[in-house]
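Peer 1: After the structure tokens below, expect a handful of questions from me.
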Amino acid sequence: MALEHADVQRAAHLARLGLNDDDAARYVDDLGRILEMVDQLQALDTEGVAPLAHPLDATQRLRADEVTETDQRERFQHCAPAVENGLYLVPRVVE
Amino acid sequence: MQWETVIGLEVHVQLATRSKIFSGASTAFGAEPNTQACAVDLGLPGVLPVLNEQAVAMAVQFGLAIHAEIPEVSVFDRKNYFYPDLPKGYQTSQMYHPIVGAGEVEISLEDGTTKRIRVHHAHLEEDAGKSLHEDFHGMTGVDLNRAGTPLLEIVSEPDLRSAKEAAAYLKAIHSIVTYLGISDGNMAEGSMRCDVNVSVRPSGQEAFGTRAEIKNVNSFRFVERAIAFEVERQIELIEDGGQVVQETRLFDPERDETRSMRTKEEANDYRYFPCPDLLPVVLDQAYVDHLRDNLPELPADKRTRFETELGLSAYDASVLSATREMADFFEEVKDVCGDAKQAANWVQGELAGALNREGLSITDSPVSAHQLGELVGRVIDDTINGKAAKQVFQALWNGQGASADEVIEAKGLKQVTDSGAIEAMIDQVIADSPAQVAQYRDAEPEKRGKMIGYFVGQVMKASRGTANPQQVNALLKEKLDALC
Amino acid sequence: MHDKTLAELARGLDAGEFSSRELTQHLLGRIDRLDGELNSFITVTFDQALAEAEAADAARAKGDAGPLTGLPLALKDIFCTRDVKTSCGSKMLDSFVSPYDATVVERLKAAGTVSLGKTNMDEFAMGSSNENSFFGPVKNPWDLAAVPGGSSGGSAAAVAAGLVPAAMGTDTGGSIRQPAAFCGITGLKPTYGRVSRYGMIAYASSLDQAGPMARSAEDCALLLGAIAGHDLRDSTSVARGVPDYLAELNAPLSGLKIGLPREYFGDGLDPEVEAATRAAIQAFETLGATVREVSLPHTHYAIPAYYVIAPAEASSNLSRYDGVRFGHRCDNPADLIDLYKRSRAEGFGDEVKRRILIGTHTLSEGFFDAYYKKAQQVRRLIRQDFLDAFEEVDVLMGPASPTPAFDLGANKDPVSMYLQDIYTIAVNLAGIPGISVPAGFVGNRPLGLQILGTHFAEAQLLNVAHQFQQATDWHRRRPAFAEETA
């Protein structure tokens, strides 16, 4: 499956990665070759094979519904780029 | 042209767990910003989710309550998108293998009939945080306390055909989740929110029209109003030769209209894939059976029992079973007084009227179910008459007395049933009313029935309302007729 | 002291030959003198290390010493360490001081170990050469022109150079085993789920696994015993008892059935590497093992499947780095989109961006089935290959890498770099354990023999590796770099 410039720009936008045109051109080339390598998978017949998401056939363990965490806001916000009154600040979100 | 409205609802219910769906942080409402957002909720590097067993149990209980299939295996997926209130850049949800399969919810319509609405599925997911737009010098503040609160998203089939049905469905869901105790159902605090899919089609047409999705409607009333507006908008649009665009709209309660949300330049692509940090949830049959065996009586069952066993009207049964609080209150009144119909009349009459006037909910009633039950009991055993009962109720409402008996005693409202005493009062009234007696005597016999009211009133007044009205009536008639 | 194994150092501490503080100071001095050249550490925690060493000495004086008390080690900078910078090799987290300890770190602290600091790595563990670190490449102490391998290159180089006796690494597609091979040390990737991933910064969640990198299989056994076991905070960690890995080390290998995957000795394998690997395997025959050829027929598809699954998971795992709650944030964002796009463009390096883009693309609408679902189907086939092979043989052996360490800057092309991991990647897809042990040299560059076992066969792998190390001395070789400047 060939990769177009627009595919890279679309993925970059979905992934919120800023790319300038030079970057994008380079990635079209790199990603194209990676996908070409990946496309070898298509040669394999996997009809009827169940996808494997986890290497062990384990099932989810459940946690008791208990409050175990205490307030550590100050500690957690120590490494935050912008906070005010305990809130994380971001450029205004327009709804 | 005749139009038919087609509506489907996605209802998000916050589950009433103590801790979050994937972390041990508290879910309590109203804490200081970000004080209940732990490392996992914040999506700090390296943290991992572990599933809350109570969230699973609550979801399954809901599924059982709507007679849904409960698949043995359910899987969490990641829904990927960027938003400041979504700390990890993905929402952990269930796209392909939800915990609750297809089921159905019975709704009661105003004409007393019921209708079954199919539920496509219900799945577990985590709630997002909140963005606050005020007072940060043009910045938005993000509070992640709500992030990770467990949500059950209940997705209906497009089976609803009017705004009223949609509201009835929402009420039915509300009543199921509050009956189960899996949510506080508090819509003002956002414990229940819904997205409404609305389309219209010419009556008789098979194919659905293009739908619009109205996001985040958070009250029964708004659901009705939003749909009413949207339906009208779509019909007008089509009749004017336009076309409905598939889009997301917001309901503005202040202007009573829906508005298109600015469509982003690209369509969303959430890139769902199974969350590699969580394993498949496998529910064994014994676990599901155990939950099924311990389900409380649900609204529909309660409604049926109220009708068939207690002999209530369909309307009464439906109103009294609408919320667990209402049903519990009614049942206690009934148990104390021993008469379901009287209990129903009082709960829906005097009590509901008073609550309405003061804008109180049943849980805030100043008159307890036990107090009301005793009061009704005193009416039934003829200790007081209906008029006195209203006085007792008012006194209890105002906190003047701990029980009906106390009020009756203090106010001397005990009904006079001693015929000697009543006769004496009647004789006095007759003696004091010669003119009315003459009129009575001169009247045609068939008109006398109406005229007796005057004498009854006078006797009741003389007894300060405590005389037994039936007795007064009978004795008066006897005595007056003797004079004719 | 700096060329001893953990087991030897433990005996020295027990015998009172030196204190943990003396040992720690000695190693901190070496780091100070040698690491400017090597660049194996991102952060050296001098003060904390000395405090921990003193605490260990005090515990020992009171008779409270366990087998690891007072032993120094280093942590790949992917493990969250409370109050210590945890960068994951990225500019994105250059300013991130973790508010909590990873489970592995907690357990090592509880065992009384002394952490000397955080080792260099490929950014977010994406790489096979350690050239993708924001903090610059690491050099291979055996040959400063060569890469140390990656992504746990800093850990491997530091151990090989005698800066620290052991270090923790992580392995998503070979990131413990390949650098261990390139640097002539022993590195174990445990079974997926054997060691908690909590606090280990995620690259590809269904493949990531932490493990020890040290100078002997015995040391790896010692460390694995300390870090393995169920963790309630990691849903994918396995609730299964942890055996005494030391107890099995000396079991004889007579009757051991070794399988050589035909596909691991084919095209692309450097002939000198092949010769050395075959020679090493012969040593097992003299120990009583039998050797036969087996087949892992889907080997060829492991790299393609990996480069769908790992980038897909990574693209999602790395979405949390958005400049809002921690990490790099661009200056003066114009709006929200600008904040995201610039913070992430500035904070992530090239290889990370490549993998985020690949993962985003392959998960997006219209491609999911062809890529992600297909890769997961292939993943099952690959796992089945191993399970089938372990019906026939006890362990599999082969080279850890098709070549010895290559020159810094030699592999410019991402795809040819990816192909380096041909022998290690399938192991992560299958979730089985693997160990790389030193097994010879090509010129002055070490080679690793990879030994693979079935799920939870760590004790057996350690036993096999230990017996090999009793019979050979490749693991005792030390680079000149470590000696001449010491």
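A note on labels: chains of the structure tokens are A, B, ... as shown, every chain counts residues from 1, and ligands are counted from 1 in their shown order.
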Could you please write out, as a PyMOL selection string, every residue of range 424-482 of chain C that DSSP assigns to strand (DSSP E)?

Peer 2: chain C and resi 434-442+445-452

Peer 1: If we count only C-alpha atoms and set the cut-off at 8 Å, which residues sit around Thr70 in chain A, ignoring sequence neighbours fewer than 2 positions away in its own chain? Please answer as number ranges by chain.

Peer 2: A: 68, 72; B: 25, 36, 38

Peer 1: The selected residues should be written to file as a PDB file, in the first residue's frame (atoms: N, CA and C atoms).

Peer 2:
```pdb
ATOM      1  N   THR A  68      -7.540   4.279  47.636  1.00  0.00           N
ATOM      2  CA  THR A  68      -6.200   4.037  48.173  1.00  0.00           C
ATOM      3  C   THR A  68      -5.281   5.235  47.966  1.00  0.00           C
ATOM      4  N   GLN A  72      -2.047  14.289  46.172  1.00  0.00           N
ATOM      5  CA  GLN A  72      -0.624  14.615  45.985  1.00  0.00           C
ATOM      6  C   GLN A  72      -0.499  15.706  44.931  1.00  0.00           C
TER       7      GLN A  72
ATOM      8  N   ALA B  25      -8.176   6.403  43.203  1.00  0.00           N
ATOM      9  CA  ALA B  25      -8.537   7.769  43.603  1.00  0.00           C
ATOM     10  C   ALA B  25     -10.041   7.846  43.855  1.00  0.00           C
ATOM     11  N   GLN B  36      -8.166  14.972  43.450  1.00  0.00           N
ATOM     12  CA  GLN B  36      -8.565  13.568  43.342  1.00  0.00           C
ATOM     13  C   GLN B  36      -8.116  12.980  42.011  1.00  0.00           C
ATOM     14  N   CYS B  38      -5.068  11.089  40.692  1.00  0.00           N
ATOM     15  CA  CYS B  38      -3.838  10.429  41.113  1.00  0.00           C
ATOM     16  C   CYS B  38      -2.941  10.204  39.893  1.00  0.00           C
TER      17      CYS B  38
END
```

Peer 1: Name the residues in contact with range 29-33 of chain A at a cut-off of 9 Å, using only C-alpha atoms, excluding same-chain residues fewer than 4 positions from it; report them as a CSV table (one decimal) with N, CA and C atoms, in the first residue's frame.

Peer 2:
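Saved file around_15.csv follows:
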```csv
chain,number,residue,atom,x,y,z
A,1,MET,N,0.8,-1.2,0.0
A,1,MET,CA,0.0,0.0,0.0
A,1,MET,C,0.9,1.2,0.0
A,2,ALA,N,0.8,2.0,-1.1
A,2,ALA,CA,1.7,3.1,-1.3
A,2,ALA,C,1.3,4.2,-0.3
A,3,LEU,N,2.3,5.0,0.1
A,3,LEU,CA,2.1,6.1,1.0
A,3,LEU,C,2.2,7.4,0.3
A,4,GLU,N,1.2,8.2,0.5
A,4,GLU,CA,1.2,9.5,-0.1
A,4,GLU,C,1.6,10.6,0.9
A,8,VAL,N,0.9,11.1,5.2
A,8,VAL,CA,1.8,11.5,6.3
A,8,VAL,C,1.3,12.7,7.0
A,24,ALA,N,8.2,16.4,6.2
A,24,ALA,CA,7.1,15.5,5.7
A,24,ALA,C,7.7,14.7,4.5
A,25,ALA,N,8.4,15.4,3.6
A,25,ALA,CA,9.0,14.7,2.4
A,25,ALA,C,9.9,13.6,2.8
A,37,MET,N,8.2,-2.9,3.7
A,37,MET,CA,8.7,-4.0,4.5
A,37,MET,C,7.6,-4.7,5.2
A,38,VAL,N,6.7,-3.9,5.8
A,38,VAL,CA,5.6,-4.4,6.6
A,38,VAL,C,4.6,-5.2,5.6
C,354,ARG,N,8.9,8.9,13.7
C,354,ARG,CA,8.7,7.9,12.6
C,354,ARG,C,7.7,6.8,13.1
C,355,ARG,N,8.0,6.4,14.3
C,355,ARG,CA,7.2,5.3,14.8
C,355,ARG,C,5.8,5.8,15.2
C,357,LEU,N,4.2,8.1,13.6
C,357,LEU,CA,3.5,8.3,12.4
C,357,LEU,C,3.1,6.9,11.8
C,358,ILE,N,4.0,6.0,11.8
C,358,ILE,CA,3.7,4.6,11.3
C,358,ILE,C,2.5,4.0,12.1
C,413,ASP,N,19.9,4.1,7.5
C,413,ASP,CA,18.6,3.8,7.0
C,413,ASP,C,17.7,3.0,8.1
C,414,PRO,N,16.6,3.6,8.4
C,414,PRO,CA,15.8,2.9,9.4
C,414,PRO,C,15.5,1.5,9.2
C,415,VAL,N,15.1,1.1,8.0
C,415,VAL,CA,14.7,-0.3,7.7
C,415,VAL,C,15.9,-1.2,7.9
```

Peer 1: Output the contact residues of chain C with respect to chain A at a cut-off of 6 Å, based on only C-alpha atoms, as a list of chain:residue names.

Peer 2: C:Ser206, C:Pro304, C:Arg325, C:Phe326, C:Asp335, C:Leu336, C:Tyr340, C:Lys341, C:Arg342, C:Arg344, C:Ala345, C:Leu357, C:Thr360, C:His361, C:Gln376, C:Gln377, C:Arg380, C:Ala430, C:Gly431

Peer 1: Per residue of chain B within 8 Å of chain C, note the shortest atom pair and the distance in Å to one decimal, counting only C-alpha atoms, and order the rows by chain and increasing residue number, as JSON lines.

Peer 2:
```
{"residue": "B:Leu42", "atom": "CA", "partner": "C:Arg325", "partner_atom": "CA", "distance": 7.5}
{"residue": "B:Gly43", "atom": "CA", "partner": "C:Arg320", "partner_atom": "CA", "distance": 6.5}
{"residue": "B:Leu44", "atom": "CA", "partner": "C:Arg320", "partner_atom": "CA", "distance": 7.8}
{"residue": "B:Pro45", "atom": "CA", "partner": "C:Ile201", "partner_atom": "CA", "distance": 5.4}
{"residue": "B:Gly46", "atom": "CA", "partner": "C:Gly199", "partner_atom": "CA", "distance": 4.0}
{"residue": "B:Val47", "atom": "CA", "partner": "C:Gly199", "partner_atom": "CA", "distance": 5.5}
{"residue": "B:Leu48", "atom": "CA", "partner": "C:Asp234", "partner_atom": "CA", "distance": 5.9}
{"residue": "B:Pro49", "atom": "CA", "partner": "C:Ser235", "partner_atom": "CA", "distance": 7.0}
{"residue": "B:Val50", "atom": "CA", "partner": "C:Ser235", "partner_atom": "CA", "distance": 5.6}
{"residue": "B:Asn80", "atom": "CA", "partner": "C:Ser316", "partner_atom": "CA", "distance": 6.8}
{"residue": "B:Phe82", "atom": "CA", "partner": "C:Ser319", "partner_atom": "CA", "distance": 7.6}
{"residue": "B:Pro84", "atom": "CA", "partner": "C:Val324", "partner_atom": "CA", "distance": 7.3}
{"residue": "B:Pro87", "atom": "CA", "partner": "C:Arg320", "partner_atom": "CA", "distance": 6.2}
{"residue": "B:Lys88", "atom": "CA", "partner": "C:Arg320", "partner_atom": "CA", "distance": 4.3}
{"residue": "B:Gly89", "atom": "CA", "partner": "C:Ser319", "partner_atom": "CA", "distance": 4.8}
{"residue": "B:Tyr90", "atom": "CA", "partner": "C:Ser316", "partner_atom": "CA", "distance": 7.1}
{"residue": "B:Asp269", "atom": "CA", "partner": "C:Glu365", "partner_atom": "CA", "distance": 6.4}
{"residue": "B:Tyr270", "atom": "CA", "partner": "C:Ser364", "partner_atom": "CA", "distance": 7.5}
{"residue": "B:Arg271", "atom": "CA", "partner": "C:Ser364", "partner_atom": "CA", "distance": 5.1}
{"residue": "B:Tyr272", "atom": "CA", "partner": "C:Leu363", "partner_atom": "CA", "distance": 7.4}
{"residue": "B:Phe273", "atom": "CA", "partner": "C:Leu363", "partner_atom": "CA", "distance": 7.5}
{"residue": "B:Pro276", "atom": "CA", "partner": "C:Ser206", "partner_atom": "CA", "distance": 5.4}
{"residue": "B:Asp277", "atom": "CA", "partner": "C:Ser205", "partner_atom": "CA", "distance": 6.2}
{"residue": "B:Leu278", "atom": "CA", "partner": "C:Ser235", "partner_atom": "CA", "distance": 6.0}
{"residue": "B:Leu279", "atom": "CA", "partner": "C:Thr236", "partner_atom": "CA", "distance": 6.9}
```

Peer 1: Would you mind listing, as a ChimeraX atom specification, all residues of chain B that have at least one atom within 7 Å of chain A, where only C-alpha atoms are what counts?

Peer 2: /B:17-19,24-26,33-36,38,50-54,138-143,276,278-282

Peer 1: To one decimal place, how far is CA of Phe229 in chain B from CA of Asn268 in chain B in Å?

Peer 2: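 Atom-to-atom, CA of Phe229 in chain B to CA of Asn268 in chain B, that is 26.4 Å.
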
Peer 1: What is the distance between CA of Leu396 in chain C and CA of His475 in chain C, in Å to one decimal?

Peer 2: 20.0 Å

Peer 1: In Å, rounded to a single decimal, give me how far CA of Val442 in chain C is from CA of Glu293 in chain C.

Peer 2: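 Straight-line distance from CA of Glu293 in chain C to CA of Val442 in chain C works out to 24.5 Å.
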
Peer 1: Can you pull out every residue within 12 Å of Leu475 in chain B, counting only C-alpha atoms, but drop anything in the same chain fewer than 6 positions away, and send it as a ChimeraX atom specification?

Peer 2: /B:417-427,430,452,455-456,459,467-469,481-482

Peer 1: Looking at only C-alpha atoms, which of C:Ala10, C:Thr43, C:Arg215, C:Gly112 is the one that sits closest to Ala55 in chain C?

Peer 2: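 Result for the nearest residue to Ala55 in chain C: C:Gly112.
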
Peer 1: Just list as a ChimeraX atom specification whatever in range 266-388 of chain C DSSP marks as helix (DSSP H, G or I).

Peer 2: /C:271-286,299-320,336-347,350-363,368-388

Peer 1: Using only C-alpha atoms, which residue out of C:Thr113, C:Thr69, C:Thr290, C:Asn411 lies closest to Glu131 in chain C?

Peer 2: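 Using only C-alpha atoms, the shortest distance to Glu131 in chain C belongs to C:Asn411.
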
Peer 1: Pick out the residues sitting within 7 Å of Thr5 in chain B, and hand them over as a PyMOL selection string; count only C-alpha atoms, and ignore anything fewer than 4 positions along from it in its own chain.

Peer 2: chain B and resi 161-162+199-201+231

Peer 1: Store the residues picked out above, limited to C-alpha atoms, as a compact mmCIF listing (two decimals), in the first residue's frame.

Peer 2:
```txt
# COMPACT_ATOMS: atom_id res chain seq x y z
CA ARG B 161 -40.54 8.03 18.02
CA SER B 162 -41.13 11.26 19.92
CA SER B 199 -33.72 12.18 12.34
CA VAL B 200 -37.05 12.55 10.55
CA ARG B 201 -38.56 10.63 7.66
CA VAL B 231 -37.34 17.87 14.81
```

Peer 1: Just want the 8 Å neighbourhood of Thr149 in chain B, counted on only C-alpha atoms, with same-chain residues fewer than 5 positions away dropped. Output as a VMD selection string.

Peer 2: chain B and resid 14 to 15 19 to 21 27 126 to 128

Peer 1: Produce a file of the selected residues containing N, CA and C atoms, as a short mmCIF file (atom, residue, chain, number, x, y, z; two decimals), in the first residue's frame.

Peer 2:
```cif
data_model
loop_
_atom_site.label_atom_id
_atom_site.label_comp_id
_atom_site.auth_asym_id
_atom_site.auth_seq_id
_atom_site.Cartn_x
_atom_site.Cartn_y
_atom_site.Cartn_z
N GLN B 14 -22.78 7.77 35.30
CA GLN B 14 -21.63 7.63 36.20
C GLN B 14 -21.97 6.58 37.24
N LEU B 15 -21.11 5.59 37.36
CA LEU B 15 -21.38 4.52 38.32
C LEU B 15 -20.93 4.97 39.71
N SER B 19 -14.14 4.33 44.26
CA SER B 19 -12.89 4.72 43.59
C SER B 19 -13.09 4.66 42.08
N LYS B 20 -12.09 5.13 41.36
CA LYS B 20 -12.23 5.26 39.91
C LYS B 20 -12.16 3.91 39.20
N ILE B 21 -12.46 3.94 37.93
CA ILE B 21 -12.54 2.66 37.22
C ILE B 21 -11.18 1.97 37.11
N THR B 27 -13.91 9.13 43.87
CA THR B 27 -14.81 9.68 42.85
C THR B 27 -15.75 10.74 43.43
N GLU B 126 -14.07 5.27 30.78
CA GLU B 126 -13.68 6.23 31.80
C GLU B 126 -14.16 7.62 31.40
N ASP B 127 -14.57 8.38 32.40
CA ASP B 127 -14.99 9.76 32.15
C ASP B 127 -13.76 10.62 31.93
N ALA B 128 -13.96 11.78 31.30
CA ALA B 128 -12.88 12.74 31.11
C ALA B 128 -12.92 13.76 32.24
#
```

Peer 1: Calculated over only C-alpha atoms, which of the candidates C:Ser90, C:Ser40, C:Thr299, C:Thr24 has the smallest distance to Leu71 in chain C?

Peer 2: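 Comparing C:Ser90, C:Ser40, C:Thr299, C:Thr24 against Leu71 in chain C, the winner is C:Thr24.
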